file entry.cif (mmCIF, C-alpha atoms)
data_structure
#
loop_
_atom_site.label_atom_id
_atom_site.label_comp_id
_atom_site.auth_asym_id
_atom_site.auth_seq_id
_atom_site.Cartn_x
_atom_site.Cartn_y
_atom_site.Cartn_z
CA MET A 1 12.39 22.45 -16.12
CA ALA A 2 14.46 21.20 -19.03
CA ALA A 3 13.13 17.72 -18.22
CA LEU A 4 9.55 18.95 -18.37
CA GLU A 5 10.21 20.66 -21.68
CA SER A 6 11.65 17.53 -23.22
CA ALA A 7 8.70 15.56 -21.87
CA LEU A 8 6.28 17.91 -23.61
CA THR A 9 8.27 17.76 -26.84
CA TYR A 10 8.19 13.97 -26.76
CA LEU A 11 4.48 14.01 -26.01
CA ALA A 12 3.74 16.33 -28.93
CA ALA A 13 5.69 14.15 -31.34
CA ASN A 14 4.36 10.84 -30.02
CA ALA A 15 0.82 11.61 -28.98
CA ASP A 16 -0.59 8.44 -30.55
CA ARG A 17 1.90 6.34 -28.66
CA PHE A 18 0.94 7.99 -25.41
CA TRP A 19 -2.79 7.47 -25.90
CA LYS A 20 -2.22 3.85 -26.81
CA ALA A 21 -0.17 3.27 -23.66
CA LEU A 22 -2.82 5.00 -21.56
CA GLY A 23 -5.48 2.80 -23.17
CA ILE A 24 -3.52 -0.37 -22.41
CA HIS A 25 -2.90 0.80 -18.85
CA LEU A 26 -6.61 1.37 -18.21
CA GLU A 27 -7.65 -1.79 -20.00
CA LEU A 28 -5.19 -3.84 -18.00
CA ALA A 29 -6.38 -2.33 -14.73
CA ALA A 30 -10.08 -2.66 -15.56
CA ALA A 31 -9.81 -6.24 -16.80
CA SER A 32 -7.82 -7.37 -13.75
CA LEU A 33 -10.25 -5.67 -11.43
CA ALA A 34 -13.20 -7.33 -13.17
CA VAL A 35 -11.59 -10.77 -12.96
CA ALA A 36 -10.72 -10.29 -9.30
CA ALA A 37 -14.24 -9.10 -8.45
CA ALA A 38 -15.87 -11.95 -10.38
CA VAL A 39 -13.80 -14.50 -8.48
CA CYS A 40 -13.50 -12.91 -5.05
CA ILE A 41 -17.03 -11.67 -4.36
CA PRO A 42 -18.62 -15.15 -4.64
CA LEU A 43 -15.63 -16.61 -2.78
CA GLY A 44 -16.00 -14.04 -0.01
CA ILE A 45 -19.73 -14.72 0.34
CA TRP A 46 -19.03 -18.42 0.47
CA ALA A 47 -16.32 -17.94 3.09
CA ALA A 48 -18.72 -15.88 5.21
CA ARG A 49 -21.04 -18.91 5.35
CA SER A 50 -18.43 -21.01 7.17
CA PRO A 51 -16.77 -18.65 9.68
CA ALA A 52 -14.17 -21.12 10.97
CA ALA A 53 -12.61 -21.80 7.58
CA GLY A 54 -13.22 -18.20 6.54
CA ASN A 55 -11.42 -16.76 9.51
CA TRP A 56 -8.44 -18.96 8.90
CA ALA A 57 -8.34 -18.03 5.22
CA MET A 58 -8.52 -14.32 6.01
CA ASN A 59 -5.59 -14.62 8.41
CA VAL A 60 -3.53 -16.30 5.71
CA ILE A 61 -4.44 -13.55 3.24
CA GLU A 62 -3.51 -10.85 5.75
CA ALA A 63 -0.17 -12.54 6.33
CA LEU A 64 0.51 -12.73 2.60
CA ARG A 65 0.16 -8.97 2.32
CA VAL A 66 3.79 -8.57 3.37
CA VAL A 67 4.74 -9.77 -0.12
CA PRO A 68 5.45 -6.62 -2.17
CA SER A 69 3.42 -5.98 -5.33
CA LEU A 70 6.63 -5.92 -7.35
CA ALA A 71 7.50 -9.42 -6.13
CA VAL A 72 4.05 -10.74 -7.07
CA LEU A 73 4.40 -9.36 -10.60
CA ILE A 74 7.90 -10.72 -11.07
CA LEU A 75 7.06 -14.10 -9.50
CA VAL A 76 4.38 -14.81 -12.06
CA PHE A 77 6.77 -14.21 -14.94
CA PRO A 78 8.85 -17.47 -14.92
CA TYR A 79 5.64 -19.52 -15.09
CA LEU A 80 3.57 -17.55 -17.59
CA GLY A 81 6.21 -15.72 -19.65
CA PHE A 82 6.45 -12.19 -20.91
CA GLY A 83 3.37 -10.22 -21.90
CA ALA A 84 0.03 -8.63 -21.12
CA ARG A 85 -1.65 -11.89 -20.11
CA THR A 86 0.93 -12.49 -17.39
CA ALA A 87 0.50 -8.95 -16.18
CA MET A 88 -3.25 -9.45 -16.00
CA VAL A 89 -2.91 -12.59 -13.91
CA ALA A 90 -0.52 -10.84 -11.51
CA LEU A 91 -2.72 -7.75 -11.24
CA SER A 92 -5.79 -9.88 -10.59
CA ILE A 93 -3.92 -11.56 -7.74
CA LEU A 94 -2.99 -8.14 -6.35
CA ALA A 95 -6.58 -6.92 -6.57
CA SER A 96 -7.96 -9.96 -4.75
CA PRO A 97 -7.11 -9.49 -1.04
CA PRO A 98 -9.04 -6.26 -0.41
CA ILE A 99 -12.11 -7.48 -2.31
CA LEU A 100 -12.06 -10.87 -0.62
CA VAL A 101 -11.53 -9.54 2.89
CA ASN A 102 -14.14 -6.79 2.57
CA THR A 103 -16.74 -9.12 1.06
CA TYR A 104 -16.16 -11.62 3.82
CA VAL A 105 -16.41 -9.02 6.57
CA ALA A 106 -19.47 -7.37 5.01
CA TYR A 107 -21.50 -10.56 4.69
CA ARG A 108 -20.42 -11.87 8.08
CA ASN A 109 -21.40 -8.77 10.00
CA ILE A 110 -25.02 -8.63 8.90
CA ASP A 111 -27.28 -8.43 11.93
CA PRO A 112 -28.64 -11.96 12.57
CA ALA A 113 -31.95 -10.45 13.71
CA VAL A 114 -32.46 -9.02 10.21
CA LEU A 115 -31.83 -12.41 8.65
CA GLU A 116 -34.18 -14.11 11.08
CA ALA A 117 -36.90 -11.61 10.26
CA ALA A 118 -36.38 -12.34 6.57
CA VAL A 119 -36.69 -16.09 7.18
CA GLY A 120 -39.76 -15.44 9.28
CA MET A 121 -41.32 -13.56 6.39
CA GLY A 122 -40.92 -16.69 4.31
CA MET A 123 -38.07 -15.56 2.08
CA THR A 124 -35.96 -18.22 0.38
CA PRO A 125 -32.16 -18.19 0.87
CA GLY A 126 -31.75 -16.86 -2.66
CA GLN A 127 -34.15 -14.02 -1.98
CA ILE A 128 -32.42 -13.21 1.29
CA LEU A 129 -29.06 -13.04 -0.46
CA ARG A 130 -30.40 -10.83 -3.21
CA TRP A 131 -32.76 -8.52 -1.35
CA ILE A 132 -31.36 -8.39 2.17
CA GLU A 133 -27.71 -9.37 2.42
CA THR A 134 -26.30 -7.91 -0.78
CA PRO A 135 -27.73 -4.40 -0.36
CA LEU A 136 -26.56 -4.33 3.27
CA ALA A 137 -23.08 -5.57 2.38
CA ALA A 138 -22.66 -3.39 -0.72
CA PRO A 139 -20.93 -0.34 0.82
CA VAL A 140 -18.19 -2.40 2.44
CA VAL A 141 -17.71 -4.50 -0.69
CA MET A 142 -17.49 -1.28 -2.71
CA ALA A 143 -14.82 0.05 -0.38
CA GLY A 144 -12.83 -3.13 -1.02
CA ILE A 145 -13.18 -2.69 -4.77
CA ARG A 146 -11.98 0.88 -4.45
CA THR A 147 -8.86 -0.16 -2.54
CA ALA A 148 -8.27 -2.88 -5.12
CA ALA A 149 -8.70 -0.40 -7.97
CA SER A 150 -6.10 2.02 -6.67
CA GLU A 151 -3.75 -0.90 -6.06
CA VAL A 152 -4.28 -2.11 -9.63
CA VAL A 153 -3.88 1.30 -11.25
CA ALA A 154 -0.62 1.75 -9.36
CA SER A 155 0.72 -1.73 -9.98
CA ALA A 156 -0.18 -1.64 -13.67
CA THR A 157 2.83 0.69 -13.87
CA LEU A 158 5.06 -2.09 -12.57
CA ALA A 159 3.56 -4.39 -15.21
CA ALA A 160 5.91 -2.74 -17.71
CA PHE A 161 8.73 -4.83 -16.18
CA ILE A 162 7.07 -8.03 -17.40
CA GLY A 163 6.00 -6.73 -20.79
CA GLY A 164 2.51 -5.66 -19.81
CA GLY A 165 2.76 -2.34 -21.64
CA GLY A 166 0.96 0.66 -20.24
CA LEU A 167 2.34 3.94 -18.96
CA GLY A 168 5.08 2.24 -16.96
CA GLU A 169 6.82 1.49 -20.23
CA PHE A 170 7.78 5.15 -20.63
CA ILE A 171 9.27 5.09 -17.14
CA VAL A 172 11.20 1.86 -17.72
CA ASN A 173 12.49 3.08 -21.09
CA GLY A 174 13.25 6.53 -19.70
CA LEU A 175 15.46 5.04 -17.03
CA ALA A 176 17.10 2.57 -19.41
CA MET A 177 17.86 5.32 -21.96
CA ASN A 178 18.72 7.86 -19.31
CA ASN A 179 16.02 10.11 -20.73
CA VAL A 180 14.57 12.29 -17.98
CA GLY A 181 11.81 13.66 -20.19
CA LEU A 182 10.53 10.15 -20.90
CA LEU A 183 10.46 9.43 -17.16
CA LEU A 184 8.06 12.33 -16.72
CA VAL A 185 5.93 11.28 -19.71
CA GLY A 186 5.17 8.15 -17.70
CA GLY A 187 5.45 9.46 -14.16
CA ILE A 188 3.14 12.47 -14.25
CA PRO A 189 0.15 10.75 -15.92
CA VAL A 190 0.49 7.73 -13.63
CA ALA A 191 0.43 9.98 -10.57
CA LEU A 192 -2.60 11.87 -11.89
CA LEU A 193 -4.35 8.65 -12.86
CA ALA A 194 -3.93 7.23 -9.36
CA LEU A 195 -5.38 10.38 -7.81
CA LEU A 196 -8.23 10.44 -10.30
CA ALA A 197 -9.04 6.78 -9.67
CA GLU A 198 -9.12 7.38 -5.93
CA GLY A 199 -11.44 10.37 -6.38
CA LEU A 200 -13.76 8.86 -8.98
CA LEU A 201 -14.12 5.56 -7.18
CA SER A 202 -15.34 7.19 -4.02
CA ILE A 203 -18.45 8.31 -5.95
CA PRO A 204 -20.19 4.91 -6.36
CA GLU A 205 -19.38 4.08 -2.76
CA TYR A 206 -20.97 7.34 -1.68
CA VAL A 207 -24.05 6.72 -3.80
CA VAL A 208 -24.52 3.21 -2.41
CA ARG A 209 -24.15 4.46 1.13
CA ARG A 210 -26.75 7.18 0.59
CA ARG A 211 -29.23 4.83 -1.01
CA ILE A 212 -29.19 2.53 1.95
CA ARG A 213 -30.02 5.30 4.29
CA MET B 1 18.17 -24.19 -1.78
CA THR B 2 21.39 -24.84 -3.69
CA TYR B 3 21.26 -21.29 -4.98
CA LEU B 4 21.12 -19.95 -1.46
CA ALA B 5 23.86 -22.32 -0.28
CA GLU B 6 26.20 -21.26 -3.06
CA ASN B 7 25.50 -17.54 -2.88
CA TRP B 8 24.70 -16.95 0.74
CA ASP B 9 27.27 -14.16 1.14
CA PHE B 10 25.82 -12.23 -1.81
CA VAL B 11 22.27 -12.74 -0.56
CA LEU B 12 23.28 -11.75 2.94
CA GLU B 13 24.85 -8.56 1.64
CA LEU B 14 21.67 -7.69 -0.26
CA ALA B 15 19.57 -8.42 2.81
CA TRP B 16 21.81 -6.15 4.85
CA GLN B 17 21.48 -3.38 2.23
CA HIS B 18 17.71 -3.84 2.30
CA ILE B 19 17.52 -3.63 6.08
CA SER B 20 19.82 -0.64 6.34
CA LEU B 21 17.92 1.23 3.61
CA ALA B 22 14.62 0.55 5.36
CA ALA B 23 16.01 1.37 8.80
CA SER B 24 17.56 4.67 7.75
CA VAL B 25 14.36 5.63 5.93
CA LEU B 26 12.28 4.85 8.99
CA PHE B 27 14.65 6.82 11.18
CA ILE B 28 14.62 9.93 8.95
CA ALA B 29 10.88 9.62 8.41
CA LEU B 30 10.25 9.55 12.16
CA ALA B 31 12.55 12.50 12.75
CA LEU B 32 10.32 14.49 10.39
CA ALA B 33 6.92 13.02 11.21
CA LEU B 34 7.02 13.24 15.00
CA PRO B 35 7.65 17.01 15.26
CA LEU B 36 5.20 17.62 12.42
CA GLY B 37 2.57 15.49 14.14
CA VAL B 38 3.07 17.29 17.44
CA LEU B 39 2.76 20.62 15.68
CA LEU B 40 -0.43 19.57 13.88
CA ALA B 41 -1.97 18.22 17.06
CA ARG B 42 -1.24 21.55 18.72
CA PHE B 43 -2.57 23.64 15.83
CA GLY B 44 -5.54 21.46 14.95
CA ARG B 45 -6.77 23.67 12.15
CA LEU B 46 -3.68 22.86 10.09
CA ALA B 47 -4.10 19.11 10.51
CA THR B 48 -6.77 18.56 7.84
CA PRO B 49 -5.05 20.38 4.95
CA VAL B 50 -1.58 18.99 5.74
CA LEU B 51 -2.85 15.43 6.14
CA GLY B 52 -4.82 15.87 2.92
CA LEU B 53 -1.68 16.89 1.10
CA LEU B 54 0.25 13.96 2.54
CA SER B 55 -2.50 11.55 1.53
CA VAL B 56 -2.29 12.88 -2.03
CA VAL B 57 1.43 12.09 -2.06
CA TYR B 58 0.67 8.70 -0.54
CA THR B 59 -1.67 7.89 -3.43
CA ILE B 60 1.05 8.37 -6.06
CA PRO B 61 2.34 4.95 -7.15
CA SER B 62 5.90 4.29 -6.00
CA MET B 63 7.28 3.87 -9.49
CA ALA B 64 5.83 7.22 -10.57
CA LEU B 65 7.26 8.88 -7.48
CA PHE B 66 10.69 7.46 -8.33
CA ALA B 67 10.29 8.69 -11.91
CA LEU B 68 9.40 12.18 -10.71
CA LEU B 69 12.35 12.30 -8.30
CA ILE B 70 15.08 11.00 -10.62
CA PRO B 71 15.30 14.26 -12.61
CA VAL B 72 15.95 16.06 -9.32
CA THR B 73 17.97 13.66 -7.20
CA GLY B 74 19.44 11.29 -9.78
CA LEU B 75 19.87 7.54 -9.38
CA GLY B 76 20.75 5.62 -6.26
CA PHE B 77 20.25 5.60 -2.53
CA LYS B 78 19.29 9.27 -2.22
CA THR B 79 16.30 8.99 -4.55
CA ALA B 80 15.11 5.72 -3.07
CA ALA B 81 15.41 7.04 0.47
CA THR B 82 13.68 10.34 -0.38
CA ALA B 83 10.76 8.58 -2.06
CA LEU B 84 10.26 6.18 0.82
CA VAL B 85 10.55 8.92 3.46
CA VAL B 86 7.97 11.05 1.64
CA TYR B 87 5.71 8.02 1.35
CA SER B 88 5.71 7.05 4.98
CA GLN B 89 4.91 10.57 6.17
CA PHE B 90 1.17 10.13 5.72
CA ILE B 91 0.86 7.06 7.96
CA LEU B 92 3.29 8.35 10.59
CA VAL B 93 1.93 11.88 10.86
CA ARG B 94 -1.69 10.70 10.81
CA ASN B 95 -1.11 8.31 13.68
CA THR B 96 0.91 10.83 15.69
CA VAL B 97 -1.87 13.40 15.40
CA ALA B 98 -4.57 10.83 16.17
CA GLY B 99 -2.62 9.51 19.15
CA LEU B 100 -1.98 12.93 20.67
CA GLN B 101 -5.51 14.20 20.05
CA GLY B 102 -7.00 11.01 21.41
CA VAL B 103 -5.66 11.54 24.91
CA ASP B 104 -8.53 12.13 27.34
CA PRO B 105 -8.69 15.91 28.07
CA ALA B 106 -9.66 15.14 31.68
CA VAL B 107 -6.31 13.43 32.19
CA LEU B 108 -4.48 16.45 30.82
CA GLU B 109 -6.48 18.76 33.02
CA ALA B 110 -5.67 16.65 36.04
CA ALA B 111 -1.97 16.89 35.17
CA VAL B 112 -2.20 20.67 34.91
CA GLY B 113 -4.11 20.68 38.20
CA MET B 114 -1.25 18.78 39.80
CA GLY B 115 0.95 21.72 38.93
CA MET B 116 2.76 20.25 35.95
CA SER B 117 4.17 22.69 33.43
CA GLY B 118 3.08 22.53 29.79
CA TRP B 119 6.25 20.71 28.81
CA GLN B 120 5.93 18.27 31.68
CA VAL B 121 2.34 17.46 30.74
CA PHE B 122 3.45 16.76 27.18
CA ARG B 123 6.51 14.73 28.09
CA GLU B 124 5.19 12.75 31.01
CA VAL B 125 1.50 12.39 30.29
CA ARG B 126 0.43 13.13 26.76
CA LEU B 127 3.25 11.56 24.76
CA PRO B 128 3.36 8.28 26.72
CA LEU B 129 -0.42 7.92 26.42
CA ALA B 130 -0.27 8.56 22.67
CA MET B 131 2.63 6.15 22.19
CA PRO B 132 0.68 2.95 21.37
CA VAL B 133 -1.12 4.67 18.49
CA ILE B 134 2.11 6.25 17.22
CA LEU B 135 3.86 2.89 17.36
CA ALA B 136 1.02 1.23 15.47
CA GLY B 137 1.71 3.75 12.71
CA VAL B 138 5.42 2.99 12.84
CA ARG B 139 4.64 -0.69 12.38
CA VAL B 140 2.46 -0.13 9.31
CA ALA B 141 5.04 2.28 7.87
CA ALA B 142 7.90 -0.15 8.49
CA VAL B 143 6.16 -3.00 6.68
CA SER B 144 5.31 -0.80 3.70
CA ILE B 145 8.83 0.66 3.54
CA ILE B 146 10.37 -2.81 3.54
CA GLY B 147 8.08 -3.84 0.69
CA LEU B 148 8.59 -0.68 -1.37
CA ALA B 149 12.35 -0.84 -0.85
CA SER B 150 12.38 -3.78 -3.28
CA LEU B 151 11.90 -1.26 -6.09
CA ALA B 152 15.10 0.51 -4.99
CA ALA B 153 17.14 -2.08 -6.90
CA TRP B 154 15.69 -0.71 -10.13
CA ILE B 155 17.40 2.64 -9.56
CA ASN B 156 20.70 1.12 -8.40
CA ALA B 157 20.06 1.49 -4.70
CA GLY B 158 20.60 -2.21 -4.00
CA GLY B 159 18.67 -4.37 -1.58
CA LEU B 160 16.86 -7.67 -2.10
CA GLY B 161 15.06 -6.26 -5.12
CA VAL B 162 18.32 -7.00 -6.95
CA LEU B 163 17.42 -10.69 -6.71
CA LEU B 164 13.96 -10.01 -8.13
CA PHE B 165 15.31 -8.12 -11.14
CA GLN B 166 18.17 -10.55 -11.75
CA GLY B 167 15.69 -13.39 -11.60
CA LEU B 168 13.45 -11.56 -14.05
CA TYR B 169 16.17 -10.81 -16.60
CA GLN B 170 17.80 -14.24 -16.31
CA ASP B 171 14.48 -16.13 -16.09
CA HIS B 172 15.72 -17.62 -12.83
CA ALA B 173 12.73 -18.47 -10.62
CA THR B 174 14.84 -19.49 -7.62
CA LYS B 175 16.35 -16.03 -7.35
CA ILE B 176 12.90 -14.46 -7.45
CA TRP B 177 11.58 -16.79 -4.76
CA THR B 178 14.64 -16.24 -2.58
CA GLY B 179 14.24 -12.47 -2.79
CA THR B 180 10.49 -12.55 -2.19
CA ILE B 181 10.67 -14.87 0.81
CA LEU B 182 13.46 -12.88 2.43
CA ILE B 183 11.64 -9.56 1.94
CA ALA B 184 8.49 -11.05 3.45
CA PHE B 185 10.53 -12.50 6.28
CA ILE B 186 12.15 -9.15 7.09
CA ALA B 187 8.76 -7.44 7.01
CA ILE B 188 7.25 -9.99 9.37
CA ALA B 189 10.23 -9.78 11.72
CA ALA B 190 10.04 -5.99 11.84
CA SER B 191 6.30 -6.10 12.43
CA ARG B 192 6.66 -8.63 15.27
CA LEU B 193 9.41 -6.62 16.89
CA LEU B 194 7.39 -3.41 16.84
CA GLN B 195 4.30 -5.25 18.01
CA ARG B 196 6.20 -6.51 21.01
CA LEU B 197 7.42 -3.00 21.78
CA GLU B 198 3.87 -1.70 21.43
CA ARG B 199 2.57 -4.32 23.86
CA ARG B 200 5.27 -3.63 26.36
CA ILE B 201 4.49 0.08 26.34
CA ARG B 202 0.77 -0.60 26.60
CA SER B 203 1.20 -2.91 29.56
CA GLY B 204 3.54 -0.39 31.17
CA LEU B 205 0.75 2.18 30.91
CA ASP B 206 -1.83 -0.09 32.47
CA GLY B 207 0.53 -1.06 35.29
CA PRO B 208 0.76 0.49 38.76
#

call {"tool": "encode", "arguments": {"input": "entry.cif", "output": "structure tokens"}}
result
Amino acid sequence: MAALESALTYLAANADRFWKALGIHLELAAASLAVAAAVCIPLGIWAARSPAAGNWAMNVIEALRVVPSLAVLILVFPYLGFGARTAMVALSILASPPILVNTYVAYRNIDPAVLEAAVGMGMTPGQILRWIETPLAAPVVMAGIRTAASEVVASATLAAFIGGGGLGEFIVNGLAMNNVGLLLVGGIPVALLALLAEGLLSIPEYVVRRRIR
Amino acid sequence: MTYLAENWDFVLELAWQHISLAASVLFIALALALPLGVLLARFGRLATPVLGLLSVVYTIPSMALFALLIPVTGLGFKTAATALVVYSQFILVRNTVAGLQGVDPAVLEAAVGMGMSGWQVFREVRLPLAMPVILAGVRVAAVSIIGLASLAAWINAGGLGVLLFQGLYQDHATKIWTGTILIAFIAIAASRLLQRLERRIRSGLDGP
């Protein structure tokens, strides 16, 4: 309880600092997610076009999942240095596997009969991608983005180790300074943020799923 | 390579710490999750709220969970182990419940019809049939525990994460690579081992 009290005292005295860290945390997570989606969705669609290579690539990605998030973040550091940019690169890497795998699976598992019907109706490949495949694949792709988002929101905390800023900084400093209150200033919001992200991100997925029906 | 050659005893010690942390966590986690899973499978109405609660805990990022535990349990092995045990409960309990509830009711009825007592049905029919699903959960939990245990070094609980943090603070890429590759290697080895066990049990079930 004393820890909670000191956390609240710190928060009251350093509110601006807290909001800034929260802003950086969210910005870092959102930017990494956007980069990962921009790269991995086209890549996943492309991989789905050549199943042999795609399958092999997906197996490699699955195997690489045994590398802990912390290791990915720290591994990037010697090559890119300290700072937010490094953190963003690492977080984008961490966000990639679920988006890539889900996109690949979604576009691969579209009923061939549907595609044939579309061709038979005289649709061009571009039209098929836009009007047939993408709407059908959307829910699964969305689910991948959601998994990636919770991964990124969580790992953005670890980004504090490599100078990425964000809420993890309170936790790192709290431990270094043996300040229990500071630990909670970081820990409680990060926990709430992760839960909130999980809850909020299930909404677009739900909407997309309903629309298709 | 030279780093590993010159410091193999230190690295080996860290690897041993990592494995023993993960193994003791898995052991404690199973000792809690199995009875809880059995209980929830028996009293099905409790399963949804309890699993919901566990999934909430599971969503909390590991570093935040450590931060929340330190004020209570302090630094070191105890905090790391507690956090990882709490974490793995969701996967383990969920799979135990799913495995036990997934057993064909007709099979259970047949066992009762053969005159087996409630305990016998559980021990000799239901549990063995649920085992592959439970073990699949153990495998997923083991891999995630081994990965998350790398953060234990940050709160002085040792393990291969020590190499990651030393590499970070000394800007020593070789140390980071060594730690990462060994952690991945341990995770793969554990996963393979459990997979083999799972297969053996499955084939034992299908046998005569």

call {"tool": "resolve_selection", "arguments": {"input": "entry.cif", "expression": "the PyMOL selection byres ((chain B) within 6 of (chain A))", "output": "JSON, numbers by chain"}}
result
{"B": [60, 61, 64, 67, 68, 71, 147, 171, 173, 180, 184]}

call {"tool": "residues_around", "arguments": {"input": "entry.cif", "residues": "range 46-59 of chain A", "least_positions_apart": "4", "cutoff": "8 Å", "atoms": "only C-alpha atoms", "output": "ChimeraX atom specification"}}
result
/A:42,63,101,104-105,107-108

call {"tool": "resolve_selection", "arguments": {"input": "entry.cif", "expression": "the PyMOL selection byres ((chain A and resi 33-41) around 8)", "output": "mmCIF file with C-alpha atoms, in the coordinates of the input"}}
result
data_model
loop_
_atom_site.group_PDB
_atom_site.id
_atom_site.type_symbol
_atom_site.label_atom_id
_atom_site.label_comp_id
_atom_site.auth_asym_id
_atom_site.auth_seq_id
_atom_site.Cartn_x
_atom_site.Cartn_y
_atom_site.Cartn_z
ATOM 1 C CA ALA A 29 -6.380 -2.330 -14.730
ATOM 2 C CA ALA A 30 -10.080 -2.660 -15.560
ATOM 3 C CA ALA A 31 -9.810 -6.240 -16.800
ATOM 4 C CA SER A 32 -7.820 -7.370 -13.750
ATOM 5 C CA PRO A 42 -18.620 -15.150 -4.640
ATOM 6 C CA LEU A 43 -15.630 -16.610 -2.780
ATOM 7 C CA GLY A 44 -16.000 -14.040 -0.010
ATOM 8 C CA ILE A 45 -19.730 -14.720 0.340
ATOM 9 C CA LEU A 91 -2.720 -7.750 -11.240
ATOM 10 C CA SER A 92 -5.790 -9.880 -10.590
ATOM 11 C CA ILE A 93 -3.920 -11.560 -7.740
ATOM 12 C CA ALA A 95 -6.580 -6.920 -6.570
ATOM 13 C CA SER A 96 -7.960 -9.960 -4.750
ATOM 14 C CA ILE A 99 -12.110 -7.480 -2.310
ATOM 15 C CA LEU A 100 -12.060 -10.870 -0.620
ATOM 16 C CA THR A 103 -16.740 -9.120 1.060
ATOM 17 C CA ILE A 145 -13.180 -2.690 -4.770
ATOM 18 C CA ALA A 148 -8.270 -2.880 -5.120
ATOM 19 C CA ALA A 149 -8.700 -0.400 -7.970
ATOM 20 C CA VAL A 152 -4.280 -2.110 -9.630
#

call {"tool": "resolve_selection", "arguments": {"input": "entry.cif", "expression": "the PyMOL selection byres ((chain B and resi 77) around 12)", "output": "MDAnalysis selection string"}}
result
chainID B and resid 17:18 20:22 24:25 66 69:70 73:76 78:85 149 151:159

call {"tool": "residues_near_point", "arguments": {"input": "entry.cif", "point": "(3.4, -10.0, -20.1)", "cutoff": "7 Å", "atoms": "all atoms listed in the file", "output": "list in words"}}
result
Gly81, Phe82, Gly83, Ala84, Arg85, Thr86, Ala87, Ile162, Gly163 and Gly164 of chain A

call {"tool": "write_last_selection", "arguments": {"input": "entry.cif", "atoms": "C-alpha atoms", "output": "compact mmCIF listing (two decimals), in the frame of the given file"}}
result
# COMPACT_ATOMS: atom_id res chain seq x y z
CA GLY A 81 6.21 -15.72 -19.65
CA PHE A 82 6.45 -12.19 -20.91
CA GLY A 83 3.37 -10.22 -21.90
CA ALA A 84 0.03 -8.63 -21.12
CA ARG A 85 -1.65 -11.89 -20.11
CA THR A 86 0.93 -12.49 -17.39
CA ALA A 87 0.50 -8.95 -16.18
CA ILE A 162 7.07 -8.03 -17.40
CA GLY A 163 6.00 -6.73 -20.79
CA GLY A 164 2.51 -5.66 -19.81

call {"tool": "closest_residue", "arguments": {"input": "entry.cif", "among": "B:Leu163, B:Ile188, B:Leu100, B:Val125", "to": "Gly44 in chain B", "atoms": "only C-alpha atoms"}}
result
B:Leu100

call {"tool": "residues_near_point", "arguments": {"input": "entry.cif", "point": "(-0.7, 12.2, 21.0)", "cutoff": "12 Å", "atoms": "all atoms listed in the file", "output": "VMD selection string"}}
result
chain B and resid 34 to 42 92 to 105 108 121 to 135

call {"tool": "atom_distance", "arguments": {"input": "entry.cif", "atom1": "CA of Leu22 in chain A", "atom2": "CA of Phe165 in chain B"}}
result
24.7 Å

call {"tool": "atom_distance", "arguments": {"input": "entry.cif", "atom1": "CA of Arg199 in chain B", "atom2": "CA of Ile61 in chain A"}}
result
23.7 Å

call {"tool": "atom_distance", "arguments": {"input": "entry.cif", "atom1": "CA of Glu62 in chain A", "atom2": "CA of Leu164 in chain B"}}
result
22.3 Å

call {"tool": "closest_residue", "arguments": {"input": "entry.cif", "among": "A:Thr147, A:Val60, A:Trp19, A:Leu136", "to": "Thr59 in chain B", "atoms": "only C-alpha atoms"}}
result
A:Thr147

call {"tool": "residues_around", "arguments": {"input": "entry.cif", "residues": "Arg210 in chain A", "least_positions_apart": "5", "cutoff": "12 Å", "atoms": "only C-alpha atoms", "output": "number ranges by chain"}}
result
A: 135-136, 138-139, 203-205

call {"tool": "write_last_selection", "arguments": {"input": "entry.cif", "atoms": "C-alpha atoms", "output": "PDB file, in the frame of the given file"}}
result
ATOM      1  CA  PRO A 135     -27.730  -4.400  -0.360  1.00  0.00           C
ATOM      2  CA  LEU A 136     -26.560  -4.330   3.270  1.00  0.00           C
ATOM      3  CA  ALA A 138     -22.660  -3.390  -0.720  1.00  0.00           C
ATOM      4  CA  PRO A 139     -20.930  -0.340   0.820  1.00  0.00           C
ATOM      5  CA  ILE A 203     -18.450   8.310  -5.950  1.00  0.00           C
ATOM      6  CA  PRO A 204     -20.190   4.910  -6.360  1.00  0.00           C
ATOM      7  CA  GLU A 205     -19.380   4.080  -2.760  1.00  0.00           C
TER       8      GLU A 205
END
